[in-house]
Every structure is written in structure tokens, then in C-alpha cells.
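Written out below as C-alpha cells is the structure these notes cover.
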Amino acid sequence: MKFTILMGSPRPQGNTAALLAPFLEECRFLGIQTQCIHLYDKKVGPCLGCMACQDVPDSLGCVQKDDFAQIFQEMEDCDVIVLATPVYAFFCTAPMKALLDRAIYAGNKNYGRTKGAALLNGKRVASIVTCGYRPDRGADLWEEGLRRWCKHGKAEYLGMFCRRDLGKSEPFMDEEKESGVRDFAQAIYLSIRMEEV
């Protein structure tokens with residue numbers, strides 16, 4: 001089993017990274033292979049809306065020559081895509097948004113001369129999120145957007161683990177967050193195992 005984690009935080013030692021660390025440890029404990037791609041280290045330009053990709057029915061077909069195709073290949077080659085992001089303005093960070101725009105457009109062949117495939121059809125998607133508001137007010141729009149992204153691309157949404165940062169007066173990580181995100185890793189693992197039985 002392989003998880004590809006798309007890390008959308010610009011801060012290598014920030015809250016999202018702190019929340020992701022025990023998740024990755026639990027994955028290793030469960031025997032899950034993980035790959036973490038730091039999107040701020042990659043070059044993924046925004047979608048140009050040129051629609052060239054729509055006339056390439058069974059592959060990306062994007063005209064931009066950057067890191068997008070390589071990242072998308074990793075998304076195709078894993079069992080679960082995990083989107084890890086802080087929420088700054090009620091949605092994911094800019095590099096992740098650019099990636100998701102390109103992936104949903106080039107990955108779904110709905111607008112060309114011939115209707116083609118959804119390249120991430122059946123792929124499982126989960127999210128690990130940090131935000132400054134309560135999750136129901138800070139990450140609700142992100143989760144709804146991700147649900148729709150999955151539905152449009154025929155992917156399976158597995159859920160979100162989100163925790164709030166209360167500011168510099170309190171340490172972000174605590175026992176509840178660590179045990180909760182470990183449980184999240186186990187729940188994803190078990191849901192896949194149950195599907196395989």
C-alpha cells in the first residue's frame with residue numbers, strides 16, 4: 001500500500017508538518033509506503049485554460065513544461081493521495097490550488113472533441129489540515145471544495161483531519177492531536193483493507 005502526501009505548507013517546521021509527522025510514523029508502523037512531495041519546492045504553474053489537454057484523451061496533454069506531470073504520475077501510482085495544507089484564506093495554499101486546478105482539468109477529458117477518461121478514477125483522497133479558526137468555520141470551505149473535486153474527478157473522498165492553532169501562546173502539538181492523526185492513518189488503512197476483503 002502506498003500513500004502519496006502532497007505537502008502544501010511553505011513552513012518545513014510549521015504546524016502542518018508537526019501534524020503530519022505522527023501520521024507518517026503511523027503509516028510506517030502499518031507497513032504503508034509513503035512519499036512526501038513538498039509543493040513549495042516544485043514548479044507548478046497555474047492552469048492557462050487553453051484546453052489543449054482536452055484533445056489528448058488518455059494522458060495529461062498539458063502544454064506547460066514544469067513539475068506537474070511528474071507529480072500527477074505519483075498521484076496515479078499510489079493508493080491514497082493525502083493533501084496536507086494549512087488554511088490561510090479559507091482554502092488550501094496557492095501551490096496546492098494550482099496543482100488541483102491542473103489535475104482536475106487535464107485529468108478529466110470532458111471538453112474535447114471526444115470525451116475521454118477521468119485519469120484519477122477510483123483514486124482515494126484524504127486531507128490533513130491546520131487552520132486558525134474552529135475546523136467547522138476554518139476548513140469547511142476547503143473540505144466542501146475537495147469533496148466536489150473528488151466527485152468531479154470520480155475519486156473517493158476519505159475524509160479530513162483538521163486541528164486549530166490557538167496562537168503562539170499555546171504549543172500547537174499535544175497528545176490529542178498526535179493520537180487523533182494516528183487514528184486517522186489507521187482508519188484510512190482499515191477502510192482500504194476492508195474493501196480488499
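The way I read the labels, and the way they are meant: chains A, B, ... in the order of the C-alpha cells, residue 1 as the first residue of every chain, and ligand 1 as the first ligand shown, with later ones counted on from there.
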Based on the backbone DSSP call, show me all residues of range 5-154 of chain A assigned strand (DSSP E or B), as a ChimeraX atom specification. /A:5-7,33-38,80-86,108,118,124-131
Could you write out the selected residues, including N, CA and C atoms, as a PDB file, in the first residue's frame?
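Final output, result39.pdb:
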```
ATOM      1  N   ILE A   5       1.798  11.865  -0.250  1.00  0.00           N
ATOM      2  CA  ILE A   5       1.415  13.050   0.513  1.00  0.00           C
ATOM      3  C   ILE A   5       1.859  14.278  -0.254  1.00  0.00           C
ATOM      4  N   LEU A   6       0.918  15.136  -0.573  1.00  0.00           N
ATOM      5  CA  LEU A   6       1.218  16.406  -1.223  1.00  0.00           C
ATOM      6  C   LEU A   6       1.205  17.464  -0.140  1.00  0.00           C
ATOM      7  N   MET A   7       2.390  17.954   0.214  1.00  0.00           N
ATOM      8  CA  MET A   7       2.561  18.873   1.324  1.00  0.00           C
ATOM      9  C   MET A   7       2.487  20.308   0.813  1.00  0.00           C
ATOM     10  N   GLN A  33       3.897   2.317   2.497  1.00  0.00           N
ATOM     11  CA  GLN A  33       4.962   3.084   1.853  1.00  0.00           C
ATOM     12  C   GLN A  33       4.467   4.513   1.665  1.00  0.00           C
ATOM     13  N   THR A  34       5.284   5.486   2.018  1.00  0.00           N
ATOM     14  CA  THR A  34       4.874   6.887   1.872  1.00  0.00           C
ATOM     15  C   THR A  34       5.896   7.663   1.053  1.00  0.00           C
ATOM     16  N   GLN A  35       5.372   8.617   0.312  1.00  0.00           N
ATOM     17  CA  GLN A  35       6.215   9.580  -0.390  1.00  0.00           C
ATOM     18  C   GLN A  35       5.632  10.957  -0.125  1.00  0.00           C
ATOM     19  N   CYS A  36       6.460  11.871   0.329  1.00  0.00           N
ATOM     20  CA  CYS A  36       6.007  13.224   0.635  1.00  0.00           C
ATOM     21  C   CYS A  36       6.605  14.195  -0.386  1.00  0.00           C
ATOM     22  N   ILE A  37       5.738  14.886  -1.112  1.00  0.00           N
ATOM     23  CA  ILE A  37       6.161  15.851  -2.118  1.00  0.00           C
ATOM     24  C   ILE A  37       5.866  17.246  -1.591  1.00  0.00           C
ATOM     25  N   HIS A  38       6.906  18.045  -1.400  1.00  0.00           N
ATOM     26  CA  HIS A  38       6.758  19.403  -0.886  1.00  0.00           C
ATOM     27  C   HIS A  38       6.499  20.340  -2.073  1.00  0.00           C
ATOM     28  N   VAL A  80      -3.502   6.063  -2.068  1.00  0.00           N
ATOM     29  CA  VAL A  80      -4.186   7.184  -1.425  1.00  0.00           C
ATOM     30  C   VAL A  80      -3.377   8.458  -1.655  1.00  0.00           C
ATOM     31  N   ILE A  81      -4.068   9.524  -2.057  1.00  0.00           N
ATOM     32  CA  ILE A  81      -3.482  10.862  -2.142  1.00  0.00           C
ATOM     33  C   ILE A  81      -3.868  11.599  -0.869  1.00  0.00           C
ATOM     34  N   VAL A  82      -2.866  12.075  -0.133  1.00  0.00           N
ATOM     35  CA  VAL A  82      -3.123  12.828   1.095  1.00  0.00           C
ATOM     36  C   VAL A  82      -2.708  14.274   0.862  1.00  0.00           C
ATOM     37  N   LEU A  83      -3.664  15.183   0.954  1.00  0.00           N
ATOM     38  CA  LEU A  83      -3.404  16.601   0.757  1.00  0.00           C
ATOM     39  C   LEU A  83      -3.221  17.246   2.119  1.00  0.00           C
ATOM     40  N   ALA A  84      -2.003  17.666   2.415  1.00  0.00           N
ATOM     41  CA  ALA A  84      -1.689  18.287   3.710  1.00  0.00           C
ATOM     42  C   ALA A  84      -1.471  19.780   3.485  1.00  0.00           C
ATOM     43  N   THR A  85      -2.279  20.604   4.141  1.00  0.00           N
ATOM     44  CA  THR A  85      -2.191  22.047   3.884  1.00  0.00           C
ATOM     45  C   THR A  85      -2.639  22.864   5.080  1.00  0.00           C
ATOM     46  N   PRO A  86      -1.999  23.995   5.311  1.00  0.00           N
ATOM     47  CA  PRO A  86      -2.613  24.982   6.193  1.00  0.00           C
ATOM     48  C   PRO A  86      -3.698  25.725   5.419  1.00  0.00           C
ATOM     49  N   ASN A 108      -9.371  15.222 -16.448  1.00  0.00           N
ATOM     50  CA  ASN A 108     -10.739  14.840 -16.802  1.00  0.00           C
ATOM     51  C   ASN A 108     -11.052  15.353 -18.205  1.00  0.00           C
ATOM     52  N   ALA A 118     -11.490   9.860 -16.937  1.00  0.00           N
ATOM     53  CA  ALA A 118     -11.089  10.543 -15.704  1.00  0.00           C
ATOM     54  C   ALA A 118      -9.851   9.811 -15.213  1.00  0.00           C
ATOM     55  N   ARG A 124      -8.317   7.232  -4.118  1.00  0.00           N
ATOM     56  CA  ARG A 124      -8.774   7.647  -2.797  1.00  0.00           C
ATOM     57  C   ARG A 124      -8.029   8.911  -2.375  1.00  0.00           C
ATOM     58  N   VAL A 125      -8.747   9.835  -1.734  1.00  0.00           N
ATOM     59  CA  VAL A 125      -8.176  11.138  -1.358  1.00  0.00           C
ATOM     60  C   VAL A 125      -8.551  11.451   0.084  1.00  0.00           C
ATOM     61  N   ALA A 126      -7.563  11.898   0.855  1.00  0.00           N
ATOM     62  CA  ALA A 126      -7.776  12.343   2.234  1.00  0.00           C
ATOM     63  C   ALA A 126      -7.021  13.645   2.443  1.00  0.00           C
ATOM     64  N   SER A 127      -7.311  14.327   3.564  1.00  0.00           N
ATOM     65  CA  SER A 127      -6.668  15.618   3.801  1.00  0.00           C
ATOM     66  C   SER A 127      -6.303  15.791   5.268  1.00  0.00           C
ATOM     67  N   ILE A 128      -5.138  16.403   5.496  1.00  0.00           N
ATOM     68  CA  ILE A 128      -4.689  16.794   6.836  1.00  0.00           C
ATOM     69  C   ILE A 128      -4.515  18.305   6.813  1.00  0.00           C
ATOM     70  N   VAL A 129      -5.186  18.989   7.737  1.00  0.00           N
ATOM     71  CA  VAL A 129      -5.324  20.436   7.645  1.00  0.00           C
ATOM     72  C   VAL A 129      -5.090  21.103   8.994  1.00  0.00           C
ATOM     73  N   THR A 130      -4.484  22.283   8.949  1.00  0.00           N
ATOM     74  CA  THR A 130      -4.400  23.152  10.121  1.00  0.00           C
ATOM     75  C   THR A 130      -5.011  24.499   9.752  1.00  0.00           C
ATOM     76  N   CYS A 131      -5.622  25.145  10.744  1.00  0.00           N
ATOM     77  CA  CYS A 131      -6.233  26.442  10.488  1.00  0.00           C
ATOM     78  C   CYS A 131      -6.323  27.237  11.793  1.00  0.00           C
TER      79      CYS A 131
END
```
Report as a Markdown table the residues of range 18-63 of chain A within 9 Å of range 89-97 of chain A, each with its shortest atom pair and distance in Å (one decimal), using only C-alpha atoms, ordered by chain and increasing residue number.
```
| residue | atom | partner | partner_atom | distance |
| --- | --- | --- | --- | --- |
| A:Leu39 | CA | A:Pro95 | CA | 6.0 |
| A:Tyr40 | CA | A:Pro95 | CA | 6.5 |
| A:Lys42 | CA | A:Pro95 | CA | 8.5 |
| A:Lys43 | CA | A:Pro95 | CA | 8.4 |
| A:Val44 | CA | A:Pro95 | CA | 6.9 |
| A:Gly45 | CA | A:Pro95 | CA | 8.1 |
| A:Pro46 | CA | A:Lys97 | CA | 8.2 |
```
Give the helix (DSSP H, G or I) residues of range 31-145 of chain A, as assigned by DSSP on the backbone, as a PyMOL selection string. chain A and resi 39-41+52-55+68-76+94-106+135-138+140-145
Between A:Cys53, A:Val87, A:Cys150, A:Ala17, which residue has the minimum interatomic distance to Tyr105 in chain A, considering only C-alpha atoms?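 The shortest atom-to-atom distance to Tyr105 in chain A comes from A:Cys53.
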Of the listed residues A:Lys177, A:Met160, A:Gln186, A:Lys123, that which approaches Pro135 in chain A most closely, counting only C-alpha atoms: A:Met160
